[in-house]
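Novice: Structure: work.csv, CSV, C-alpha atoms.
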```csv
chain,number,residue,atom,x,y,z
A,1,MET,CA,12.8,20.9,8.9
A,2,SER,CA,10.2,20.6,11.7
A,3,GLU,CA,8.2,17.7,13.1
A,4,ALA,CA,4.6,17.4,14.3
A,5,GLY,CA,3.8,14.4,16.5
A,6,VAL,CA,4.3,13.0,19.9
A,7,PRO,CA,6.2,11.1,21.4
A,8,ARG,CA,9.3,12.3,19.5
A,9,ARG,CA,12.3,10.7,21.3
A,10,PRO,CA,13.4,7.2,20.2
A,11,GLU,CA,13.1,6.0,23.8
A,12,ASP,CA,9.4,7.0,23.8
A,13,PHE,CA,8.7,4.5,21.0
A,14,LEU,CA,10.8,2.0,22.8
A,15,GLU,CA,8.5,2.3,25.8
A,16,LEU,CA,5.6,1.3,23.5
A,17,VAL,CA,7.6,-1.6,22.0
A,18,GLU,CA,8.4,-3.0,25.5
A,19,ARG,CA,4.7,-3.0,26.5
A,20,ALA,CA,3.4,-4.5,23.3
A,21,ARG,CA,2.4,-8.0,22.4
A,22,ARG,CA,1.0,-7.2,19.0
A,23,GLY,CA,3.5,-5.1,17.1
A,24,ARG,CA,3.3,-1.3,17.3
A,25,LEU,CA,3.3,1.0,14.3
A,26,LYS,CA,5.0,4.3,13.9
A,27,LEU,CA,4.6,6.2,10.6
A,28,TYR,CA,6.6,9.1,9.2
A,29,VAL,CA,4.3,11.1,6.9
A,30,GLY,CA,5.4,13.6,4.3
A,31,PHE,CA,3.9,15.7,1.6
A,32,ALA,CA,6.3,14.7,-1.2
A,33,ALA,CA,9.5,12.8,-2.0
A,34,GLY,CA,12.6,14.4,-0.5
A,35,VAL,CA,11.3,15.7,2.8
A,36,GLY,CA,13.4,13.3,4.7
A,37,LYS,CA,11.2,10.4,5.7
A,38,THR,CA,13.7,7.6,5.0
A,39,TYR,CA,16.5,9.6,6.5
A,40,ARG,CA,14.7,10.1,9.8
A,41,MET,CA,13.6,6.4,9.9
A,42,LEU,CA,17.2,5.3,9.6
A,43,GLN,CA,18.4,7.8,12.1
A,44,GLU,CA,15.8,6.4,14.6
A,45,ALA,CA,16.9,2.9,13.8
A,46,HIS,CA,20.5,3.8,14.7
A,47,ASP,CA,19.3,5.5,17.9
A,48,LEU,CA,17.3,2.3,18.9
A,49,ARG,CA,20.2,0.1,18.1
A,50,ARG,CA,22.5,2.0,20.4
A,51,ARG,CA,19.9,1.5,23.1
A,52,GLY,CA,20.1,-2.3,22.6
A,53,VAL,CA,17.0,-2.8,20.5
A,54,ASP,CA,17.1,-5.6,17.9
A,55,VAL,CA,16.3,-3.6,14.8
A,56,VAL,CA,16.6,-4.5,11.1
A,57,VAL,CA,16.1,-2.8,7.8
A,58,ALA,CA,13.3,-4.7,6.2
A,59,PHE,CA,13.1,-2.6,3.0
A,60,VAL,CA,14.7,0.8,2.2
A,61,GLU,CA,15.3,2.2,-1.2
A,62,PRO,CA,17.8,5.1,-1.1
A,63,HIS,CA,17.0,6.1,-4.7
A,64,GLY,CA,20.6,7.1,-5.3
A,65,ARG,CA,20.7,9.6,-2.4
A,66,ALA,CA,24.2,9.3,-1.0
A,67,GLU,CA,23.3,10.7,2.5
A,68,THR,CA,20.5,8.1,2.8
A,69,ALA,CA,22.6,5.2,1.6
A,70,THR,CA,25.3,6.1,4.1
A,71,LEU,CA,22.8,5.8,7.0
A,72,VAL,CA,22.1,2.1,6.0
A,73,ASP,CA,25.7,1.3,6.9
A,74,GLY,CA,25.9,-0.3,10.4
A,75,LEU,CA,22.3,-1.6,10.3
A,76,GLU,CA,21.3,-5.2,9.7
A,77,VAL,CA,19.6,-5.4,6.3
A,78,VAL,CA,17.3,-8.3,5.5
A,79,PRO,CA,18.1,-9.5,1.9
A,80,ARG,CA,15.3,-8.9,-0.5
A,81,LYS,CA,13.3,-11.7,-2.1
A,82,ARG,CA,13.8,-12.0,-5.9
A,83,ILE,CA,10.7,-12.7,-7.9
A,84,GLU,CA,10.7,-13.3,-11.6
A,85,TYR,CA,7.7,-11.8,-13.4
A,86,ARG,CA,7.4,-11.8,-17.2
A,87,GLY,CA,11.1,-12.3,-17.7
A,88,VAL,CA,12.1,-9.6,-15.3
A,89,VAL,CA,13.5,-10.1,-11.8
A,90,VAL,CA,11.8,-7.9,-9.2
A,91,GLU,CA,13.2,-7.4,-5.7
A,92,GLU,CA,10.6,-7.3,-2.9
A,93,MET,CA,10.6,-7.2,0.9
A,94,ASP,CA,11.1,-10.8,2.2
A,95,LEU,CA,8.2,-11.2,4.5
A,96,ASP,CA,8.8,-14.8,5.5
A,97,THR,CA,12.5,-14.2,6.4
A,98,ILE,CA,11.6,-11.2,8.6
A,99,LEU,CA,8.8,-13.2,10.4
A,100,ARG,CA,11.3,-16.0,11.1
A,101,ARG,CA,14.0,-13.6,12.1
A,102,LYS,CA,11.5,-11.8,14.4
A,103,PRO,CA,13.4,-8.6,15.3
A,104,GLN,CA,12.0,-6.2,17.8
A,105,VAL,CA,11.7,-3.4,15.2
A,106,ALA,CA,11.6,-3.5,11.4
A,107,VAL,CA,12.1,-0.4,9.2
A,108,VAL,CA,9.8,-0.5,6.1
A,109,ASP,CA,9.9,2.2,3.4
A,110,GLU,CA,7.5,2.9,0.5
A,111,ILE,CA,4.5,1.3,2.2
A,112,PRO,CA,2.0,2.1,-0.6
A,113,HIS,CA,4.0,-0.1,-3.0
A,114,THR,CA,2.2,-2.9,-5.0
A,115,ASN,CA,4.1,-6.2,-4.7
A,116,ALA,CA,5.0,-8.3,-7.7
A,117,PRO,CA,2.6,-11.1,-8.6
A,118,GLY,CA,3.6,-14.2,-6.6
A,119,SER,CA,4.1,-12.3,-3.4
A,120,HIS,CA,2.2,-13.2,-0.2
A,121,ASN,CA,0.2,-10.0,-0.3
A,122,ARG,CA,-0.8,-7.7,-3.1
A,123,LYS,CA,0.3,-4.5,-1.2
A,124,ARG,CA,3.3,-3.8,1.1
A,125,TYR,CA,1.0,-2.2,3.7
A,126,GLN,CA,-0.5,-5.7,4.0
A,127,ASP,CA,3.0,-7.1,4.6
A,128,VAL,CA,3.3,-4.5,7.4
A,129,LEU,CA,0.1,-5.7,9.0
A,130,ALA,CA,1.4,-9.2,8.9
A,131,LEU,CA,4.5,-8.1,10.7
A,132,LEU,CA,2.4,-6.4,13.3
A,133,GLU,CA,0.3,-9.5,13.8
A,134,GLY,CA,3.6,-11.5,14.2
A,135,GLY,CA,4.6,-9.2,17.1
A,136,ILE,CA,7.1,-7.2,15.2
A,137,ASN,CA,7.1,-3.4,15.6
A,138,VAL,CA,7.3,-1.4,12.5
A,139,ILE,CA,8.7,2.1,11.7
A,140,GLY,CA,7.4,3.0,8.2
A,141,ALA,CA,6.9,5.9,5.8
A,142,LEU,CA,4.4,7.2,3.3
A,143,ASN,CA,3.4,10.4,1.6
A,144,VAL,CA,0.0,12.0,2.2
A,145,GLN,CA,-1.1,11.7,-1.5
A,146,HIS,CA,-1.1,7.9,-1.1
A,147,LEU,CA,-4.1,7.9,1.2
A,148,GLU,CA,-7.0,6.3,-0.5
A,149,SER,CA,-9.7,8.9,0.5
A,150,LEU,CA,-7.5,11.8,-0.9
A,151,ASN,CA,-7.0,10.1,-4.3
A,152,GLY,CA,-9.6,12.0,-6.2
A,153,LEU,CA,-8.7,15.3,-4.6
A,154,ILE,CA,-5.0,14.9,-5.4
A,155,GLU,CA,-5.8,14.2,-9.0
A,156,ARG,CA,-8.1,17.2,-9.3
A,157,VAL,CA,-5.8,19.8,-7.7
A,158,THR,CA,-2.5,18.5,-9.0
A,159,ASN,CA,-3.5,16.9,-12.3
A,160,VAL,CA,-1.4,13.9,-11.3
A,161,VAL,CA,-2.8,10.4,-11.0
A,162,VAL,CA,-1.5,8.6,-7.9
A,163,ARG,CA,-1.9,4.9,-8.5
A,164,GLU,CA,-0.4,3.5,-5.3
A,165,THR,CA,-2.7,4.0,-2.4
A,166,VAL,CA,-3.2,2.7,1.2
A,167,PRO,CA,-6.6,2.7,3.0
A,168,ASP,CA,-7.1,5.4,5.6
A,169,SER,CA,-7.7,2.7,8.1
A,170,PHE,CA,-4.0,1.8,7.9
A,171,LEU,CA,-3.0,5.3,9.1
A,172,LYS,CA,-5.7,5.3,11.8
A,173,GLN,CA,-4.2,2.2,13.5
A,174,ALA,CA,-0.7,3.8,13.8
A,175,ASP,CA,0.4,4.2,17.4
A,176,GLN,CA,2.5,7.2,16.5
A,177,VAL,CA,2.3,9.5,13.5
A,178,VAL,CA,5.1,12.1,12.8
A,179,ASN,CA,4.8,14.7,10.1
A,180,LEU,CA,8.1,15.7,8.4
A,181,ASP,CA,7.5,19.2,7.3
A,182,LEU,CA,9.7,21.3,5.0
A,183,ALA,CA,9.2,24.7,3.4
A,184,VAL,CA,8.2,24.4,-0.2
A,185,GLU,CA,11.1,26.6,-1.3
A,186,ASP,CA,13.5,24.4,0.6
A,187,LEU,CA,12.2,21.2,-1.0
A,188,GLN,CA,12.4,22.7,-4.4
A,189,GLU,CA,16.0,23.7,-3.7
A,190,ARG,CA,16.8,20.1,-2.6
A,191,LEU,CA,15.3,19.0,-5.9
A,192,ARG,CA,17.4,21.4,-8.0
A,193,ALA,CA,20.5,20.3,-6.1
A,194,GLY,CA,20.0,16.7,-7.3
A,195,LYS,CA,19.2,15.4,-3.8
A,196,ILE,CA,15.8,13.9,-4.8
A,197,TYR,CA,15.8,12.8,-8.4
A,198,ALA,CA,18.4,12.3,-11.1
A,199,ALA,CA,19.4,15.4,-13.1
A,200,ASP,CA,17.3,14.4,-16.2
A,201,LYS,CA,14.1,14.2,-14.2
A,202,ILE,CA,14.5,17.6,-12.4
A,203,PRO,CA,13.0,20.0,-15.1
A,204,TRP,CA,9.9,17.7,-15.6
A,205,ALA,CA,9.4,17.5,-11.8
A,206,LEU,CA,9.5,21.2,-11.3
A,207,GLU,CA,7.0,21.8,-14.1
A,208,ASN,CA,4.6,19.2,-12.9
A,209,PHE,CA,4.3,17.6,-9.4
A,210,PHE,CA,6.8,20.0,-7.7
A,211,LYS,CA,5.0,23.2,-8.8
A,212,ASP,CA,4.5,25.7,-6.0
A,213,GLU,CA,0.7,25.4,-5.9
A,214,ASN,CA,0.8,21.5,-5.8
A,215,LEU,CA,3.4,21.3,-3.0
A,216,SER,CA,1.5,24.0,-1.0
A,217,THR,CA,-1.7,22.0,-1.2
A,218,LEU,CA,0.0,18.7,-0.4
A,219,ARG,CA,1.8,20.3,2.6
A,220,GLU,CA,-1.4,21.6,3.9
A,221,LEU,CA,-3.1,18.2,3.6
A,222,ALA,CA,-0.2,16.5,5.4
A,223,LEU,CA,-0.3,18.9,8.3
A,224,ARG,CA,-4.1,18.5,8.6
A,225,GLU,CA,-3.9,14.7,8.4
A,226,VAL,CA,-1.3,14.4,11.1
A,227,ALA,CA,-3.2,16.9,13.3
A,228,GLU,CA,-6.4,14.9,12.9
A,229,SER,CA,-4.4,11.7,13.7
A,230,LEU,CA,-3.1,13.3,16.9
A,231,ASP,CA,-6.6,14.5,17.8
A,232,ARG,CA,-8.0,11.0,17.4
A,233,ALA,CA,-5.2,9.6,19.6
A,234,GLY,CA,-5.8,12.2,22.2
A,235,THR,CA,-9.5,11.5,22.4
A,236,GLY,CA,-9.4,7.8,22.0
A,237,LYS,CA,-10.3,7.2,25.7
A,238,ARG,CA,-13.7,8.9,25.5
A,239,PRO,CA,-16.6,6.8,26.8
A,240,PRO,CA,-18.4,4.6,24.2
A,241,GLU,CA,-21.5,6.8,24.2
A,242,ALA,CA,-19.4,9.9,23.3
A,243,ARG,CA,-17.6,8.1,20.5
A,244,ALA,CA,-21.0,6.8,19.1
A,245,ALA,CA,-22.5,10.3,19.1
A,246,GLY,CA,-21.2,11.2,15.7
A,247,ARG,CA,-21.5,8.0,13.8
A,248,VAL,CA,-21.7,8.2,10.0
A,249,MET,CA,-23.8,6.1,7.6
A,250,VAL,CA,-23.3,6.1,3.8
A,251,CYS,CA,-26.1,4.8,1.7
A,252,MET,CA,-25.1,2.4,-1.0
A,253,ALA,CA,-27.0,1.4,-4.2
A,254,SER,CA,-26.3,-1.7,-6.2
A,255,ASN,CA,-24.3,0.4,-8.7
A,256,PRO,CA,-24.2,4.1,-7.6
A,257,PRO,CA,-22.3,6.6,-9.8
A,258,ARG,CA,-19.0,7.7,-8.4
A,259,ALA,CA,-19.1,5.3,-5.5
A,260,LYS,CA,-15.4,5.9,-4.8
A,261,THR,CA,-16.0,9.6,-4.1
A,262,LEU,CA,-19.0,8.9,-1.9
A,263,LEU,CA,-17.1,6.4,0.2
A,264,ALA,CA,-14.1,8.7,0.4
A,265,ARG,CA,-16.3,11.6,1.7
A,266,ALA,CA,-17.9,9.4,4.4
A,267,SER,CA,-14.5,8.0,5.4
A,268,ARG,CA,-13.0,11.5,5.9
A,269,MET,CA,-16.1,12.7,7.8
A,270,ALA,CA,-15.9,9.8,10.2
A,271,GLY,CA,-12.2,10.4,10.6
A,272,ARG,CA,-12.7,14.0,11.6
A,273,LEU,CA,-15.4,13.0,14.0
A,274,ASN,CA,-13.3,10.2,15.4
A,275,SER,CA,-16.3,7.9,15.0
A,276,ASP,CA,-17.3,4.6,13.5
A,277,TRP,CA,-19.0,4.5,10.1
A,278,PHE,CA,-21.3,2.2,8.2
A,279,ALA,CA,-21.8,1.5,4.5
A,280,VAL,CA,-25.3,0.2,4.3
A,281,TYR,CA,-26.9,-1.5,1.2
A,282,VAL,CA,-30.6,-2.2,1.2
A,283,GLU,CA,-31.5,-5.2,-1.0
A,284,THR,CA,-35.1,-4.8,-2.2
A,285,PRO,CA,-37.0,-7.7,-3.8
A,286,ALA,CA,-36.3,-6.1,-7.2
A,287,GLU,CA,-32.6,-6.2,-6.5
A,288,ALA,CA,-32.3,-9.9,-5.4
A,289,PRO,CA,-29.1,-11.4,-6.6
A,290,HIS,CA,-30.8,-13.5,-9.3
A,291,LEU,CA,-32.5,-10.4,-10.7
A,292,ILE,CA,-29.7,-7.9,-11.1
A,293,ASP,CA,-27.2,-8.5,-13.9
A,294,ALA,CA,-23.6,-9.7,-13.3
A,295,GLU,CA,-22.0,-6.4,-14.0
A,296,ALA,CA,-24.1,-4.7,-11.3
A,297,GLN,CA,-23.2,-7.5,-8.9
A,298,ARG,CA,-19.5,-7.0,-9.6
A,299,HIS,CA,-19.8,-3.2,-9.0
A,300,LEU,CA,-21.7,-3.8,-5.8
A,301,PHE,CA,-19.1,-6.3,-4.5
A,302,SER,CA,-16.2,-4.0,-5.5
A,303,ASN,CA,-17.8,-1.0,-3.8
A,304,LEU,CA,-18.5,-2.9,-0.5
A,305,GLU,CA,-14.9,-4.2,-0.5
A,306,LYS,CA,-13.7,-0.7,-1.0
A,307,ALA,CA,-15.8,0.4,1.9
A,308,LYS,CA,-14.2,-2.2,4.1
A,309,GLU,CA,-10.7,-1.1,3.0
A,310,LEU,CA,-11.6,2.5,4.0
A,311,GLY,CA,-12.6,1.3,7.5
A,312,ALA,CA,-16.4,1.0,7.2
A,313,GLU,CA,-18.6,-1.7,8.8
A,314,VAL,CA,-20.5,-3.0,5.8
A,315,VAL,CA,-24.2,-3.9,6.4
A,316,ARG,CA,-26.6,-5.5,4.0
A,317,ILE,CA,-30.3,-5.3,4.8
A,318,LYS,CA,-33.2,-6.9,3.0
A,319,ALA,CA,-36.3,-4.7,2.9
A,320,THR,CA,-39.1,-3.6,0.6
A,321,ASP,CA,-38.8,0.1,1.7
A,322,PRO,CA,-35.1,1.2,1.5
A,323,ALA,CA,-35.6,4.7,2.9
A,324,GLN,CA,-37.4,3.4,6.0
A,325,ALA,CA,-34.9,0.6,6.4
A,326,LEU,CA,-32.0,3.1,6.3
A,327,LEU,CA,-33.7,5.4,8.9
A,328,ASP,CA,-34.4,2.4,11.2
A,329,PHE,CA,-30.8,1.3,11.0
A,330,ALA,CA,-29.5,4.8,11.6
A,331,ARG,CA,-31.7,5.3,14.7
A,332,SER,CA,-30.8,1.9,16.2
A,333,HIS,CA,-27.0,2.4,15.7
A,334,GLY,CA,-26.4,5.9,17.0
A,335,VAL,CA,-25.9,7.4,13.5
A,336,THR,CA,-26.2,11.2,13.3
A,337,HIS,CA,-24.8,11.8,9.8
A,338,ILE,CA,-26.3,10.2,6.7
A,339,VAL,CA,-24.3,10.5,3.5
A,340,VAL,CA,-26.0,9.9,0.1
A,341,GLY,CA,-25.0,10.6,-3.5
A,342,ARG,CA,-26.9,13.1,-5.6
A,343,SER,CA,-29.2,11.4,-8.0
A,344,LEU,CA,-28.6,11.9,-11.8
A,345,GLU,CA,-32.3,12.0,-12.4
A,346,PRO,CA,-34.1,15.4,-12.6
A,347,LEU,CA,-35.7,16.5,-9.4
A,348,TRP,CA,-39.2,16.5,-10.7
A,349,ARG,CA,-38.9,12.8,-11.6
A,350,GLN,CA,-37.5,12.0,-8.2
A,351,ILE,CA,-40.4,13.7,-6.5
A,352,LEU,CA,-43.0,11.9,-8.7
A,353,ARG,CA,-41.3,8.6,-8.1
A,354,GLY,CA,-40.7,9.2,-4.4
A,355,SER,CA,-36.9,8.5,-4.6
A,356,VAL,CA,-34.9,7.4,-1.5
A,357,ILE,CA,-33.2,10.8,-1.3
A,358,VAL,CA,-36.5,12.8,-1.4
A,359,ARG,CA,-38.0,10.5,1.3
A,360,LEU,CA,-34.9,10.9,3.4
A,361,LEU,CA,-35.1,14.7,3.1
A,362,LYS,CA,-38.7,14.6,4.3
A,363,ALA,CA,-38.2,12.1,7.1
A,364,ALA,CA,-34.6,12.5,8.4
A,365,ASP,CA,-35.3,15.5,10.5
A,366,ASP,CA,-33.3,14.1,13.4
A,367,PHE,CA,-30.2,13.6,11.3
A,368,ASP,CA,-27.7,15.7,9.4
A,369,LEU,CA,-28.2,14.6,5.8
A,370,HIS,CA,-25.2,15.2,3.5
A,371,VAL,CA,-25.9,15.0,-0.3
A,372,VAL,CA,-22.7,14.6,-2.2
A,373,SER,CA,-22.5,16.2,-5.6
A,374,PHE,CA,-20.2,14.6,-8.2
A,375,ALA,CA,-20.5,17.3,-11.0
A,376,ASP,CA,-17.4,19.4,-10.2
A,377,GLN,CA,-16.0,18.5,-6.8
A,378,GLU,CA,-15.0,14.9,-6.9
A,379,GLY,CA,-12.6,14.3,-4.0
A,380,ARG,CA,-13.2,17.6,-2.3
A,381,PRO,CA,-12.2,17.2,1.4
```
As structure tokens, how would this structure be written, given the file I've shared?
Specialist:
Amino acid sequence: MSEAGVPRRPEDFLELVERARRGRLKLYVGFAAGVGKTYRMLQEAHDLRRRGVDVVVAFVEPHGRAETATLVDGLEVVPRKRIEYRGVVVEEMDLDTILRRKPQVAVVDEIPHTNAPGSHNRKRYQDVLALLEGGINVIGALNVQHLESLNGLIERVTNVVVRETVPDSFLKQADQVVNLDLAVEDLQERLRAGKIYAADKIPWALENFFKDENLSTLRELALREVAESLDRAGTGKRPPEARAAGRVMVCMASNPPRAKTLLARASRMAGRLNSDWFAVYVETPAEAPHLIDAEAQRHLFSNLEKAKELGAEVVRIKATDPAQALLDFARSHGVTHIVVGRSLEPLWRQILRGSVIVRLLKAADDFDLHVVSFADQEGRP
């Protein structure tokens, strides 16, 4: 097993901890269950404890793996909060108790998890953000397929729907990202040896998610995501004018087709450029709130909220000419990349009606215009 990421020693993270007021975040990223994320987190927790750091296990689920469960021994474990939902008792991370206890470092596993109704936050990653705001440093773990912007791609290439996701902005704010890499053959051998799932689940896993081609794709994505995270960290001290040089703007309609794909593409582009990005919606007189129907308003609100989750600055502009308004905004905010969705209307009709895309193609000669197709490449990186 190899790692990609710096710093690598427990004392390096400790240096960040000692300098911080707001909590620091370290993430172990893998490409599948069983690569050793939880194991390494617990190893680091023991290392920090030996150095005198006040560290607790906020939430770890060994999943029946004996070697992982053994590593929990000797660490302080915060008891879980029990929540009854529809007659079933669910155990969740006890956010309130951890905030009151205020350790220096909390270990949090399964960050993409959705909390039971009645919890403070809907998602565990939001609990982690609350810990960071409370001045508690967090060592956490997630798999690359849980990143929101990769959701469509993962479904397309693996035929597996990943329902638990975290916004890419969560990964971007990590102070350290470590990739836990393992050869595909070695991971499959761990699976066959019963070190990942129970015996009755192994044949199904090998025929589905743990197929060679799926794991190879996920491994490649994990390596790339961590490399880009390290690149962002290494270039984070560039002057503001350099960071602004590659700003991205995605153009939103009140109810665009496949808005999730459009936003994911813009988010990933901005991530590669290490730049800010905007989701811009132009409200024309014909699209005033009292004129568009309730369903379109719900879609618009949902899409703009999704843009915020993915790290965009959401901007709403009132204008009679949407194409000109978009160009004016782009020029005044240092945008160089404009992302639009391909229209479902025939090209001849767009030309006759003077659609926004056609006008942008004519007038945006000082921008890179990216027209995203949805026909057969949803989620393509």
Novice: Show me, as a compact mmCIF listing (two decimals) with C-alpha atoms, keeping the file's coordinate frame, the residues that have an atom within 10 Å of A:Ile136 when counting only C-alpha atoms, minus same-chain residues fewer than 3 positions from it.
Specialist:
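What landed in out-v5.txt:
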```
# COMPACT_ATOMS: atom_id res chain seq x y z
CA VAL A 17 7.60 -1.60 22.00
CA ALA A 20 3.40 -4.50 23.30
CA ARG A 21 2.40 -8.00 22.40
CA ARG A 22 1.00 -7.20 19.00
CA GLY A 23 3.50 -5.10 17.10
CA ARG A 24 3.30 -1.30 17.30
CA LEU A 25 3.30 1.00 14.30
CA VAL A 55 16.30 -3.60 14.80
CA ILE A 98 11.60 -11.20 8.60
CA LEU A 99 8.80 -13.20 10.40
CA ARG A 101 14.00 -13.60 12.10
CA LYS A 102 11.50 -11.80 14.40
CA PRO A 103 13.40 -8.60 15.30
CA GLN A 104 12.00 -6.20 17.80
CA VAL A 105 11.70 -3.40 15.20
CA ALA A 106 11.60 -3.50 11.40
CA VAL A 128 3.30 -4.50 7.40
CA LEU A 129 0.10 -5.70 9.00
CA ALA A 130 1.40 -9.20 8.90
CA LEU A 131 4.50 -8.10 10.70
CA LEU A 132 2.40 -6.40 13.30
CA GLU A 133 0.30 -9.50 13.80
```
Novice: Just give me the gap between atom CA of A:Ala222 and atom CA of A:Val108 in Å, one decimal is fine.
Specialist: 19.7 Å
Novice: Can you tell me which residues surround A:Leu263 at a distance of at most 8 Å, considering all atoms listed in the file, apart from same-chain residues fewer than 6 positions away, and format the answer as a ChimeraX atom specification?
Specialist: /A:149,250,306-307,310
Novice: How many Å lie between atom CA of A:Lys362 and atom CA of A:Leu291, rounded to one decimal?
Specialist: 29.8 Å
Novice: Just the number, please: distance in Å from atom CA of A:Val161 to atom CA of A:Val29, one decimal.
Specialist: 19.3 Å
Novice: Can you work out which one of A:Val78, A:Leu147, A:Ile111, A:Leu361 has the shortest atom-to-atom distance to A:Asp96, counting all atoms listed in the file?
Specialist: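 When distances to A:Asp96 are compared using all atoms listed in the file, the smallest one comes from A:Val78.
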Novice: Considering all atoms listed in the file, state which residue in the set A:Asp94, A:Glu207, A:Asp181, A:Glu67 is at the smallest distance from A:Tyr39.
Specialist: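 Ranking A:Asp94, A:Glu207, A:Asp181, A:Glu67 by distance to A:Tyr39, first place goes to A:Glu67.
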Novice: Choose the residue, out of A:Leu27, A:Asp293, A:His120, A:Ala69, that has the smallest atom-to-atom separation from A:Asp175; count all atoms listed in the file.
Specialist: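 Looking at the shortest contact to A:Asp175, the residue is A:Leu27.
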Novice: Point out the residue among A:Val157, A:Val90, A:Val184, A:Ala58 with the least atom-to-atom distance to A:Asp109, counting only C-alpha atoms.
Specialist: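 Checking each of A:Val157, A:Val90, A:Val184, A:Ala58 against A:Asp109, counting only C-alpha atoms, the winner is A:Ala58.
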Novice: In terms of the shortest atom-to-atom distance over all atoms listed in the file, which of A:Ser275, A:Gln324, A:Thr68, A:Thr165 is closest to A:Tyr125?
Specialist: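 Of A:Ser275, A:Gln324, A:Thr68, A:Thr165, the one nearest A:Tyr125 is A:Thr165, counting all atoms listed in the file.
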Novice: Got a minute to add N, CA and C atoms to stretch 141-152 of chain A and dump it as a PDB file, keeping the file's coordinate frame?
Specialist:
```
ATOM      1  N   ALA A 141       7.007   4.584   6.440  1.00  0.00           N
ATOM      2  CA  ALA A 141       6.900   5.900   5.800  1.00  0.00           C
ATOM      3  C   ALA A 141       5.955   5.886   4.651  1.00  0.00           C
ATOM      4  N   LEU A 142       5.233   6.993   4.476  1.00  0.00           N
ATOM      5  CA  LEU A 142       4.400   7.200   3.300  1.00  0.00           C
ATOM      6  C   LEU A 142       4.143   8.662   3.090  1.00  0.00           C
ATOM      7  N   ASN A 143       3.737   9.028   1.893  1.00  0.00           N
ATOM      8  CA  ASN A 143       3.400  10.400   1.600  1.00  0.00           C
ATOM      9  C   ASN A 143       1.851  10.557   1.634  1.00  0.00           C
ATOM     10  N   VAL A 144       1.379  11.744   1.982  1.00  0.00           N
ATOM     11  CA  VAL A 144       0.000  12.000   2.200  1.00  0.00           C
ATOM     12  C   VAL A 144      -0.867  11.708   0.946  1.00  0.00           C
ATOM     13  N   GLN A 145      -0.296  11.922  -0.243  1.00  0.00           N
ATOM     14  CA  GLN A 145      -1.100  11.700  -1.500  1.00  0.00           C
ATOM     15  C   GLN A 145      -1.416  10.281  -1.731  1.00  0.00           C
ATOM     16  N   HIS A 146      -0.824   9.366  -0.950  1.00  0.00           N
ATOM     17  CA  HIS A 146      -1.100   7.900  -1.100  1.00  0.00           C
ATOM     18  C   HIS A 146      -2.291   7.451  -0.309  1.00  0.00           C
ATOM     19  N   LEU A 147      -2.907   8.327   0.493  1.00  0.00           N
ATOM     20  CA  LEU A 147      -4.100   7.900   1.200  1.00  0.00           C
ATOM     21  C   LEU A 147      -5.274   7.780   0.288  1.00  0.00           C
ATOM     22  N   GLU A 148      -5.970   6.662   0.411  1.00  0.00           N
ATOM     23  CA  GLU A 148      -7.000   6.300  -0.500  1.00  0.00           C
ATOM     24  C   GLU A 148      -8.101   7.402  -0.630  1.00  0.00           C
ATOM     25  N   SER A 149      -8.547   7.944   0.507  1.00  0.00           N
ATOM     26  CA  SER A 149      -9.700   8.900   0.500  1.00  0.00           C
ATOM     27  C   SER A 149      -9.260  10.235  -0.147  1.00  0.00           C
ATOM     28  N   LEU A 150      -7.961  10.499  -0.284  1.00  0.00           N
ATOM     29  CA  LEU A 150      -7.500  11.800  -0.900  1.00  0.00           C
ATOM     30  C   LEU A 150      -7.222  11.611  -2.381  1.00  0.00           C
ATOM     31  N   ASN A 151      -7.396  10.400  -2.908  1.00  0.00           N
ATOM     32  CA  ASN A 151      -7.000  10.100  -4.300  1.00  0.00           C
ATOM     33  C   ASN A 151      -7.626  11.042  -5.302  1.00  0.00           C
ATOM     34  N   GLY A 152      -8.958  11.178  -5.217  1.00  0.00           N
ATOM     35  CA  GLY A 152      -9.600  12.000  -6.200  1.00  0.00           C
ATOM     36  C   GLY A 152      -9.263  13.491  -6.046  1.00  0.00           C
TER      37      GLY A 152
END
```
